[in-house]
$ cat model_26.pdb   # PDB, C-alpha atoms, pLDDT in the B column
ATOM      1  CA  MET M   1     -36.251-181.804 101.548  1.00 72.00           C
ATOM      2  CA  LEU M   2     -33.842-179.509  99.685  1.00 75.00           C
ATOM      3  CA  ASN M   3     -36.419-176.771  99.155  1.00 76.00           C
ATOM      4  CA  ARG M   4     -37.316-176.837 102.854  1.00 80.00           C
ATOM      5  CA  LEU M   5     -33.651-176.536 103.832  1.00 85.00           C
ATOM      6  CA  LEU M   6     -33.062-173.655 101.431  1.00 84.00           C
ATOM      7  CA  TYR M   7     -36.212-171.927 102.652  1.00 86.00           C
ATOM      8  CA  LEU M   8     -35.148-172.206 106.304  1.00 85.00           C
ATOM      9  CA  VAL M   9     -31.628-170.949 105.592  1.00 88.00           C
ATOM     10  CA  GLY M  10     -32.990-168.031 103.567  1.00 88.00           C
ATOM     11  CA  ARG M  11     -35.562-167.213 106.252  1.00 91.00           C
ATOM     12  CA  ALA M  12     -32.889-167.180 108.958  1.00 92.00           C
ATOM     13  CA  MET M  13     -30.825-164.728 106.933  1.00 94.00           C
ATOM     14  CA  VAL M  14     -33.853-162.486 106.351  1.00 93.00           C
ATOM     15  CA  LEU M  15     -34.721-162.537 110.061  1.00 94.00           C
ATOM     16  CA  LEU M  16     -31.195-161.429 110.915  1.00 95.00           C
ATOM     17  CA  TYR M  17     -31.331-158.663 108.312  1.00 95.00           C
ATOM     18  CA  ALA M  18     -34.748-157.527 109.551  1.00 94.00           C
ATOM     19  CA  ARG M  19     -33.542-157.271 113.139  1.00 94.00           C
ATOM     20  CA  LEU M  20     -30.599-155.129 112.052  1.00 95.00           C
ATOM     21  CA  MET M  21     -32.159-152.944 109.356  1.00 96.00           C
ATOM     22  CA  LEU M  22     -35.942-152.883 109.699  1.00 96.00           C
ATOM     23  CA  GLU M  23     -38.229-151.430 112.333  1.00 95.00           C
ATOM     24  CA  LEU M  24     -40.455-154.454 111.993  1.00 96.00           C
ATOM     25  CA  ASP M  25     -44.013-154.413 113.338  1.00 97.00           C
ATOM     26  CA  ILE M  26     -46.213-157.520 113.068  1.00 97.00           C
ATOM     27  CA  ALA M  27     -49.790-157.764 114.343  1.00 98.00           C
ATOM     28  CA  TRP M  28     -51.811-160.979 114.247  1.00 98.00           C
ATOM     29  CA  ASP M  29     -55.615-160.990 114.188  1.00 97.00           C
ATOM     30  CA  ALA M  30     -55.407-164.798 114.284  1.00 96.00           C
ATOM     31  CA  PRO M  31     -52.671-167.452 114.206  1.00 94.00           C
ATOM     32  CA  MET M  32     -51.535-168.727 110.842  1.00 95.00           C
ATOM     33  CA  PRO M  33     -53.655-171.844 110.080  1.00 95.00           C
ATOM     34  CA  ARG M  34     -51.954-175.183 109.652  1.00 93.00           C
ATOM     35  CA  GLY M  35     -51.859-176.993 106.358  1.00 95.00           C
ATOM     36  CA  ALA M  36     -52.380-175.691 102.863  1.00 97.00           C
ATOM     37  CA  LYS M  37     -53.356-172.026 102.661  1.00 98.00           C
ATOM     38  CA  ILE M  38     -53.253-169.121 100.255  1.00 98.00           C
ATOM     39  CA  ILE M  39     -51.502-166.071 101.666  1.00 98.00           C
ATOM     40  CA  VAL M  40     -52.447-162.877  99.848  1.00 98.00           C
ATOM     41  CA  ALA M  41     -50.900-159.442 100.306  1.00 98.00           C
ATOM     42  CA  ASN M  42     -50.548-156.021  98.761  1.00 98.00           C
ATOM     43  CA  HIS M  43     -47.240-155.276  97.064  1.00 97.00           C
ATOM     44  CA  PRO M  44     -45.701-151.856  97.832  1.00 97.00           C
ATOM     45  CA  SER M  45     -42.082-152.949  97.224  1.00 96.00           C
ATOM     46  CA  THR M  46     -40.119-155.521  95.250  1.00 93.00           C
ATOM     47  CA  THR M  47     -38.707-156.876  98.516  1.00 94.00           C
ATOM     48  CA  ASP M  48     -42.121-157.865  99.959  1.00 96.00           C
ATOM     49  CA  PRO M  49     -41.755-161.560  98.999  1.00 93.00           C
ATOM     50  CA  VAL M  50     -38.442-161.682 100.848  1.00 92.00           C
ATOM     51  CA  TYR M  51     -39.901-160.265 104.057  1.00 96.00           C
ATOM     52  CA  LEU M  52     -43.133-162.277 103.898  1.00 96.00           C
ATOM     53  CA  GLY M  53     -41.168-165.415 104.710  1.00 93.00           C
ATOM     54  CA  ILE M  54     -40.728-164.011 108.221  1.00 95.00           C
ATOM     55  CA  LEU M  55     -44.368-164.865 108.907  1.00 96.00           C
ATOM     56  CA  SER M  56     -44.042-168.628 108.450  1.00 94.00           C
ATOM     57  CA  PRO M  57     -41.417-171.141 109.586  1.00 91.00           C
ATOM     58  CA  ALA M  58     -43.127-173.643 107.271  1.00 91.00           C
ATOM     59  CA  PRO M  59     -42.085-173.227 103.631  1.00 92.00           C
ATOM     60  CA  LEU M  60     -44.136-170.886 101.468  1.00 94.00           C
ATOM     61  CA  ASN M  61     -44.215-171.213  97.693  1.00 95.00           C
ATOM     62  CA  MET M  62     -44.468-167.745  96.190  1.00 94.00           C
ATOM     63  CA  LEU M  63     -45.827-166.839  92.782  1.00 95.00           C
ATOM     64  CA  LEU M  64     -43.350-164.248  91.501  1.00 92.00           C
ATOM     65  CA  ILE M  65     -42.926-162.385  88.243  1.00 88.00           C
ATOM     66  CA  VAL M  66     -40.406-164.324  86.162  1.00 87.00           C
ATOM     67  CA  TYR M  67     -37.571-161.772  85.927  1.00 84.00           C
ATOM     68  CA  PRO M  68     -35.689-162.662  89.151  1.00 84.00           C
ATOM     69  CA  PHE M  69     -35.651-166.287  87.957  1.00 85.00           C
ATOM     70  CA  LEU M  70     -33.576-165.174  84.958  1.00 83.00           C
ATOM     71  CA  ILE M  71     -30.741-163.866  87.153  1.00 81.00           C
ATOM     72  CA  PRO M  72     -27.913-166.404  87.584  1.00 80.00           C
ATOM     73  CA  ILE M  73     -27.699-167.918  91.073  1.00 83.00           C
ATOM     74  CA  VAL M  74     -30.780-165.982  92.245  1.00 82.00           C
ATOM     75  CA  GLY M  75     -32.976-167.842  89.778  1.00 84.00           C
ATOM     76  CA  THR M  76     -31.511-171.187  90.749  1.00 87.00           C
ATOM     77  CA  TYR M  77     -32.118-170.463  94.436  1.00 85.00           C
ATOM     78  CA  LEU M  78     -35.726-169.429  93.779  1.00 87.00           C
ATOM     79  CA  ARG M  79     -36.501-172.555  91.771  1.00 88.00           C
ATOM     80  CA  LEU M  80     -34.815-174.933  94.223  1.00 86.00           C
ATOM     81  CA  SER M  81     -36.716-173.218  97.057  1.00 84.00           C
ATOM     82  CA  GLY M  82     -39.991-174.105  95.345  1.00 86.00           C
ATOM     83  CA  HIS M  83     -41.091-170.662  94.187  1.00 90.00           C
ATOM     84  CA  VAL M  84     -43.137-170.360  91.003  1.00 93.00           C
ATOM     85  CA  PRO M  85     -42.265-168.042  88.092  1.00 90.00           C
ATOM     86  CA  VAL M  86     -45.135-166.122  86.513  1.00 91.00           C
ATOM     87  CA  VAL M  87     -44.407-165.417  82.854  1.00 88.00           C
ATOM     88  CA  PRO M  88     -46.420-162.520  81.369  1.00 84.00           C
ATOM     89  CA  GLY M  89     -49.064-163.948  79.064  1.00 85.00           C
ATOM     90  CA  GLN M  90     -48.622-167.447  80.515  1.00 87.00           C
ATOM     91  CA  GLY M  91     -50.344-167.052  83.856  1.00 87.00           C
ATOM     92  CA  ARG M  92     -52.216-170.327  83.453  1.00 92.00           C
ATOM     93  CA  VAL M  93     -48.974-172.288  83.831  1.00 94.00           C
ATOM     94  CA  ALA M  94     -48.225-170.638  87.182  1.00 93.00           C
ATOM     95  CA  PHE M  95     -51.850-171.057  88.260  1.00 96.00           C
ATOM     96  CA  ASP M  96     -51.771-174.795  87.529  1.00 96.00           C
ATOM     97  CA  GLU M  97     -48.533-175.173  89.493  1.00 96.00           C
ATOM     98  CA  ALA M  98     -50.026-173.305  92.458  1.00 97.00           C
ATOM     99  CA  LEU M  99     -53.076-175.563  92.288  1.00 97.00           C
ATOM    100  CA  ARG M 100     -50.842-178.644  92.277  1.00 97.00           C
ATOM    101  CA  LEU M 101     -48.903-177.381  95.308  1.00 96.00           C
ATOM    102  CA  LEU M 102     -52.080-176.681  97.294  1.00 97.00           C
ATOM    103  CA  GLN M 103     -53.428-180.130  96.477  1.00 97.00           C
ATOM    104  CA  LYS M 104     -50.195-181.580  97.887  1.00 96.00           C
ATOM    105  CA  GLY M 105     -50.745-179.677 101.157  1.00 96.00           C
ATOM    106  CA  ARG M 106     -48.309-176.852 100.457  1.00 96.00           C
ATOM    107  CA  SER M 107     -48.964-173.150 101.046  1.00 97.00           C
ATOM    108  CA  VAL M 108     -48.697-170.524  98.346  1.00 97.00           C
ATOM    109  CA  VAL M 109     -48.320-166.743  98.336  1.00 97.00           C
ATOM    110  CA  VAL M 110     -50.193-164.684  95.749  1.00 97.00           C
ATOM    111  CA  PHE M 111     -50.078-160.928  95.186  1.00 97.00           C
ATOM    112  CA  PRO M 112     -53.554-160.225  93.774  1.00 97.00           C
ATOM    113  CA  GLU M 113     -52.448-156.925  92.221  1.00 96.00           C
ATOM    114  CA  GLY M 114     -50.227-158.918  89.873  1.00 92.00           C
ATOM    115  CA  ASP M 115     -47.532-156.250  89.971  1.00 92.00           C
ATOM    116  CA  LEU M 116     -46.148-153.638  92.333  1.00 94.00           C
ATOM    117  CA  SER M 117     -48.667-151.251  93.857  1.00 96.00           C
ATOM    118  CA  PRO M 118     -48.496-147.739  92.355  1.00 95.00           C
ATOM    119  CA  GLN M 119     -45.559-145.952  93.947  1.00 93.00           C
ATOM    120  CA  GLY M 120     -47.608-142.783  94.303  1.00 93.00           C
ATOM    121  CA  GLY M 121     -50.090-144.599  96.549  1.00 93.00           C
ATOM    122  CA  GLY M 122     -53.159-146.766  96.224  1.00 95.00           C
ATOM    123  CA  TYR M 123     -53.603-150.240  94.774  1.00 97.00           C
ATOM    124  CA  ARG M 124     -54.016-151.966  91.435  1.00 97.00           C
ATOM    125  CA  ARG M 125     -57.175-153.736  90.373  1.00 97.00           C
ATOM    126  CA  PRO M 126     -56.969-157.299  91.756  1.00 97.00           C
ATOM    127  CA  ARG M 127     -56.741-160.369  89.586  1.00 96.00           C
ATOM    128  CA  THR M 128     -58.855-163.440  90.192  1.00 97.00           C
ATOM    129  CA  GLY M 129     -56.197-166.136  90.676  1.00 97.00           C
ATOM    130  CA  ALA M 130     -56.320-166.310  94.477  1.00 98.00           C
ATOM    131  CA  ALA M 131     -60.118-166.493  94.497  1.00 98.00           C
ATOM    132  CA  ARG M 132     -60.167-169.278  91.922  1.00 98.00           C
ATOM    133  CA  LEU M 133     -57.527-171.262  93.824  1.00 98.00           C
ATOM    134  CA  ALA M 134     -59.579-170.961  97.020  1.00 98.00           C
ATOM    135  CA  LEU M 135     -62.775-172.093  95.311  1.00 98.00           C
ATOM    136  CA  LEU M 136     -61.072-175.054  93.618  1.00 98.00           C
ATOM    137  CA  THR M 137     -59.222-176.339  96.681  1.00 98.00           C
ATOM    138  CA  GLY M 138     -61.134-175.137  99.740  1.00 97.00           C
ATOM    139  CA  ALA M 139     -57.852-173.781 101.132  1.00 98.00           C
ATOM    140  CA  PRO M 140     -58.303-170.753 103.392  1.00 98.00           C
ATOM    141  CA  ILE M 141     -57.258-167.310 102.260  1.00 98.00           C
ATOM    142  CA  VAL M 142     -54.951-165.567 104.757  1.00 98.00           C
ATOM    143  CA  PRO M 143     -54.968-161.812 104.032  1.00 98.00           C
ATOM    144  CA  VAL M 144     -51.916-159.722 104.901  1.00 98.00           C
ATOM    145  CA  GLY M 145     -51.751-155.941 104.827  1.00 98.00           C
ATOM    146  CA  ILE M 146     -48.284-154.427 104.351  1.00 98.00           C
ATOM    147  CA  TYR M 147     -47.328-150.847 105.044  1.00 98.00           C
ATOM    148  CA  LEU M 148     -44.047-149.099 104.387  1.00 97.00           C
ATOM    149  CA  PRO M 149     -43.308-145.464 103.546  1.00 96.00           C
ATOM    150  CA  ARG M 150     -43.050-145.817  99.769  1.00 95.00           C
ATOM    151  CA  GLU M 151     -40.967-142.675  99.440  1.00 94.00           C
ATOM    152  CA  ARG M 152     -38.148-144.669 101.036  1.00 95.00           C
ATOM    153  CA  ASN M 153     -38.153-147.277  98.287  1.00 96.00           C
ATOM    154  CA  THR M 154     -34.979-147.293  96.212  1.00 95.00           C
ATOM    155  CA  LEU M 155     -35.484-147.387  92.450  1.00 93.00           C
ATOM    156  CA  MET M 156     -33.321-149.988  90.732  1.00 90.00           C
ATOM    157  CA  GLU M 157     -33.264-150.643  87.002  1.00 88.00           C
ATOM    158  CA  MET M 158     -31.509-153.434  85.136  1.00 83.00           C
ATOM    159  CA  ASP M 159     -31.626-155.285  81.854  1.00 83.00           C
ATOM    160  CA  ILE M 160     -32.412-158.988  82.152  1.00 75.00           C
ATOM    161  CA  ASP M 161     -32.273-160.940  78.887  1.00 74.00           C
ATOM    162  CA  GLY M 162     -32.773-157.671  77.031  1.00 75.00           C
ATOM    163  CA  ILE M 163     -35.820-156.708  79.110  1.00 75.00           C
ATOM    164  CA  ARG M 164     -35.721-153.483  81.129  1.00 82.00           C
ATOM    165  CA  CYS M 165     -36.818-154.345  84.669  1.00 82.00           C
ATOM    166  CA  VAL M 166     -37.767-151.746  87.262  1.00 85.00           C
ATOM    167  CA  SER M 167     -37.674-152.592  90.965  1.00 89.00           C
ATOM    168  CA  TYR M 168     -38.478-150.620  94.089  1.00 94.00           C
ATOM    169  CA  VAL M 169     -36.358-152.049  96.883  1.00 94.00           C
ATOM    170  CA  TYR M 170     -37.029-151.328 100.557  1.00 97.00           C
ATOM    171  CA  MET M 171     -33.799-151.744 102.520  1.00 95.00           C
ATOM    172  CA  ARG M 172     -34.308-150.094 105.913  1.00 96.00           C
ATOM    173  CA  GLY M 173     -36.870-148.349 108.078  1.00 95.00           C
ATOM    174  CA  GLN M 174     -40.401-148.991 109.266  1.00 96.00           C
ATOM    175  CA  TYR M 175     -42.123-152.050 107.837  1.00 97.00           C
ATOM    176  CA  ALA M 176     -45.404-153.423 109.142  1.00 98.00           C
ATOM    177  CA  PHE M 177     -47.535-156.519 108.568  1.00 98.00           C
ATOM    178  CA  THR M 178     -51.069-157.107 109.773  1.00 98.00           C
ATOM    179  CA  VAL M 179     -52.140-160.736 109.387  1.00 98.00           C
ATOM    180  CA  GLY M 180     -55.895-161.124 109.174  1.00 98.00           C
ATOM    181  CA  GLU M 181     -58.221-163.957 110.096  1.00 98.00           C
ATOM    182  CA  PRO M 182     -58.524-166.744 107.533  1.00 98.00           C
ATOM    183  CA  MET M 183     -61.273-166.314 104.947  1.00 98.00           C
ATOM    184  CA  HIS M 184     -63.145-169.370 103.640  1.00 98.00           C
ATOM    185  CA  TYR M 185     -65.012-169.557 100.361  1.00 97.00           C
ATOM    186  CA  GLN M 186     -67.207-172.024  98.531  1.00 96.00           C
ATOM    187  CA  GLY M 187     -68.868-171.923  95.153  1.00 96.00           C
ATOM    188  CA  LEU M 188     -68.367-172.629  91.482  1.00 96.00           C
ATOM    189  CA  VAL M 189     -65.189-171.383  89.869  1.00 96.00           C
ATOM    190  CA  ASP M 190     -67.114-171.053  86.586  1.00 95.00           C
ATOM    191  CA  ASP M 191     -69.451-168.481  88.159  1.00 97.00           C
ATOM    192  CA  ARG M 192     -67.713-165.297  87.030  1.00 96.00           C
ATOM    193  CA  GLU M 193     -69.806-162.969  89.164  1.00 97.00           C
ATOM    194  CA  HIS M 194     -69.070-165.027  92.266  1.00 98.00           C
ATOM    195  CA  VAL M 195     -65.340-165.152  91.466  1.00 98.00           C
ATOM    196  CA  LYS M 196     -65.324-161.373  91.009  1.00 98.00           C
ATOM    197  CA  ALA M 197     -67.176-160.849  94.291  1.00 98.00           C
ATOM    198  CA  VAL M 198     -64.719-163.084  96.158  1.00 98.00           C
ATOM    199  CA  THR M 199     -61.776-161.292  94.513  1.00 98.00           C
ATOM    200  CA  ASP M 200     -63.150-157.904  95.561  1.00 98.00           C
ATOM    201  CA  GLN M 201     -63.743-159.105  99.137  1.00 98.00           C
ATOM    202  CA  ILE M 202     -60.167-160.389  99.361  1.00 98.00           C
ATOM    203  CA  MET M 203     -58.690-157.123  98.096  1.00 98.00           C
ATOM    204  CA  GLU M 204     -60.908-155.024 100.353  1.00 98.00           C
ATOM    205  CA  ARG M 205     -59.676-157.000 103.350  1.00 98.00           C
ATOM    206  CA  ILE M 206     -56.034-156.605 102.308  1.00 98.00           C
ATOM    207  CA  ILE M 207     -56.514-152.847 101.956  1.00 98.00           C
ATOM    208  CA  ALA M 208     -58.161-152.619 105.383  1.00 98.00           C
ATOM    209  CA  LEU M 209     -55.302-154.571 106.987  1.00 98.00           C
ATOM    210  CA  ALA M 210     -52.716-152.388 105.226  1.00 98.00           C
ATOM    211  CA  GLY M 211     -54.526-149.420 106.757  1.00 98.00           C
ATOM    212  CA  HIS M 212     -54.154-150.976 110.220  1.00 98.00           C
ATOM    213  CA  SER M 213     -50.432-151.423 109.564  1.00 98.00           C
ATOM    214  CA  GLU M 214     -50.101-147.791 108.477  1.00 97.00           C
ATOM    215  CA  THR M 215     -51.967-146.559 111.555  1.00 97.00           C
ATOM    216  CA  ARG M 216     -49.626-148.409 113.916  1.00 96.00           C
ATOM    217  CA  VAL M 217     -46.481-147.192 112.154  1.00 95.00           C
ATOM    218  CA  LYS M 218     -47.620-143.570 112.169  1.00 92.00           C
ATOM    219  CA  ALA M 219     -48.719-143.798 115.806  1.00 92.00           C
ATOM    220  CA  LEU M 220     -45.266-145.059 116.790  1.00 84.00           C
ATOM    221  CA  ALA M 221     -43.587-142.309 114.744  1.00 78.00           C
ATOM    222  CA  SER M 222     -45.590-139.591 116.490  1.00 79.00           C
ATOM    223  CA  SER M 223     -45.181-140.967 120.028  1.00 70.00           C
TER     224      SER M 223
END

$ encode --input "model_26.pdb" --output "structure tokens"
Amino acid sequence: MLNRLLYLVGRAMVLLYARLMLELDIAWDAPMPRGAKIIVANHPSTTDPVYLGILSPAPLNMLLIVYPFLIPIVGTYLRLSGHVPVVPGQGRVAFDEALRLLQKGRSVVVFPEGDLSPQGGGYRRPRTGAARLALLTGAPIVPVGIYLPRERNTLMEMDIDGIRCVSYVYMRGQYAFTVGEPMHYQGLVDDREHVKAVTDQIMERIIALAGHSETRVKALASS
């Protein structure tokens, strides 16, 4: 109950901020499915997890790199809201927690790139976690393509527990989502070739949807 309340309060604040500061553009190829699902997206800015909550009034549990969880108050909020820290070198722990959440009927958000997209453009090689979760649970994959002009990201650096952390924060301007149709997969999670093929299909769809988002933003800018 507490994590749902915190999620709704946080989402309301983000919606208000987005209306004031973002030129938000959302296109839906299909409605968000009910029940447990795995939302996957590209990751052009550190603030993407914050804005992704706009897409769902139902709580989303996001798999996030651990560093924000180490910040006082912020980390407490993230944990109480049900988000999952991903510790470098300990990805299996986060994976098992995501699996547990899906089996309980919750929805999770995974960034297959595993880190921010290259700021100069393009995408990182996808990791297999989302594909394996889909094969183990039967939960649909919901691909989301994000576009923002990366040159407008603000570089922020800080030391957290002696670790230098680099963030690229997007505070204002054009920001677009394209939400794709759910993707369903079956097969053995131990079949590495199949897992790789599913992973590649997921990332290809995300990239295509991000291209749709970019096309809309640039069309609006030139009109």

$ resolve_selection --input "model_26.pdb" --expression "the PyMOL selection byres ((chain M and resi 204) around 12)" --output "list in words"
Val40, Ala41, Asn42, Pro112, Glu113, Tyr123, Arg124, Arg125, Pro126, Pro143, Val144, Gly145, Gly180, Ala197, Val198, Thr199, Asp200, Gln201, Ile202, Met203, Arg205, Ile206, Ile207, Ala208, Leu209, Ala210 and Gly211 of chain M

$ closest_residue --input "model_26.pdb" --among "M:Ala36, M:Leu15, M:Leu80, M:Leu55" --to "Ala98 (chain M)" --atoms "all atoms listed in the file"
M:Ala36

$ resolve_selection --input "model_26.pdb" --expression "the PyMOL selection byres ((chain M and resi 66) around 8)" --output "list in words"
Leu64, Ile65, Tyr67, Pro68, Phe69, Leu70, Pro85, Val86, Val87 and Pro88 of chain M

$ write_last_selection --input "model_26.pdb" --atoms "C-alpha atoms" --output "PDB file, keeping the file's coordinate frame"
ATOM      1  CA  LEU M  64     -43.350-164.248  91.501  1.00 92.00           C
ATOM      2  CA  ILE M  65     -42.926-162.385  88.243  1.00 88.00           C
ATOM      3  CA  TYR M  67     -37.571-161.772  85.927  1.00 84.00           C
ATOM      4  CA  PRO M  68     -35.689-162.662  89.151  1.00 84.00           C
ATOM      5  CA  PHE M  69     -35.651-166.287  87.957  1.00 85.00           C
ATOM      6  CA  LEU M  70     -33.576-165.174  84.958  1.00 83.00           C
ATOM      7  CA  PRO M  85     -42.265-168.042  88.092  1.00 90.00           C
ATOM      8  CA  VAL M  86     -45.135-166.122  86.513  1.00 91.00           C
ATOM      9  CA  VAL M  87     -44.407-165.417  82.854  1.00 88.00           C
ATOM     10  CA  PRO M  88     -46.420-162.520  81.369  1.00 84.00           C
TER      11      PRO M  88
END

$ closest_residue --input "model_26.pdb" --among "M:Ala134, M:Tyr7, M:Gln119, M:Arg79" --to "Phe95 (chain M)" --atoms "only C-alpha atoms"
M:Ala134

$ residues_around --input "model_26.pdb" --residues "Met62 (chain M)" --least-positions-apart "2" --cutoff "12 Å" --atoms "only C-alpha atoms" --output "short mmCIF file (atom, residue, chain, number, x, y, z; two decimals) with C-alpha atoms, keeping the file's coordinate frame"
data_model
loop_
_atom_site.label_atom_id
_atom_site.label_comp_id
_atom_site.auth_asym_id
_atom_site.auth_seq_id
_atom_site.Cartn_x
_atom_site.Cartn_y
_atom_site.Cartn_z
CA TYR M 7 -36.21 -171.93 102.65
CA LYS M 37 -53.36 -172.03 102.66
CA ILE M 38 -53.25 -169.12 100.26
CA ILE M 39 -51.50 -166.07 101.67
CA VAL M 40 -52.45 -162.88 99.85
CA ALA M 41 -50.90 -159.44 100.31
CA ASP M 48 -42.12 -157.86 99.96
CA PRO M 49 -41.76 -161.56 99.00
CA VAL M 50 -38.44 -161.68 100.85
CA TYR M 51 -39.90 -160.26 104.06
CA LEU M 52 -43.13 -162.28 103.90
CA GLY M 53 -41.17 -165.42 104.71
CA PRO M 59 -42.08 -173.23 103.63
CA LEU M 60 -44.14 -170.89 101.47
CA LEU M 64 -43.35 -164.25 91.50
CA ILE M 65 -42.93 -162.38 88.24
CA VAL M 66 -40.41 -164.32 86.16
CA LEU M 78 -35.73 -169.43 93.78
CA ARG M 79 -36.50 -172.56 91.77
CA SER M 81 -36.72 -173.22 97.06
CA GLY M 82 -39.99 -174.10 95.34
CA HIS M 83 -41.09 -170.66 94.19
CA VAL M 84 -43.14 -170.36 91.00
CA PRO M 85 -42.26 -168.04 88.09
CA VAL M 86 -45.14 -166.12 86.51
CA ALA M 94 -48.22 -170.64 87.18
CA PHE M 95 -51.85 -171.06 88.26
CA GLU M 97 -48.53 -175.17 89.49
CA ALA M 98 -50.03 -173.30 92.46
CA LEU M 101 -48.90 -177.38 95.31
CA LEU M 102 -52.08 -176.68 97.29
CA ARG M 106 -48.31 -176.85 100.46
CA SER M 107 -48.96 -173.15 101.05
CA VAL M 108 -48.70 -170.52 98.35
CA VAL M 109 -48.32 -166.74 98.34
CA VAL M 110 -50.19 -164.68 95.75
CA PHE M 111 -50.08 -160.93 95.19
#

$ resolve_selection --input "model_26.pdb" --expression "the PyMOL selection byres ((chain M and resi 171) around 8)" --output "list in words"
Met21, Leu22, Asn153, Thr154, Val169, Tyr170, Arg172 and Gly173 of chain M
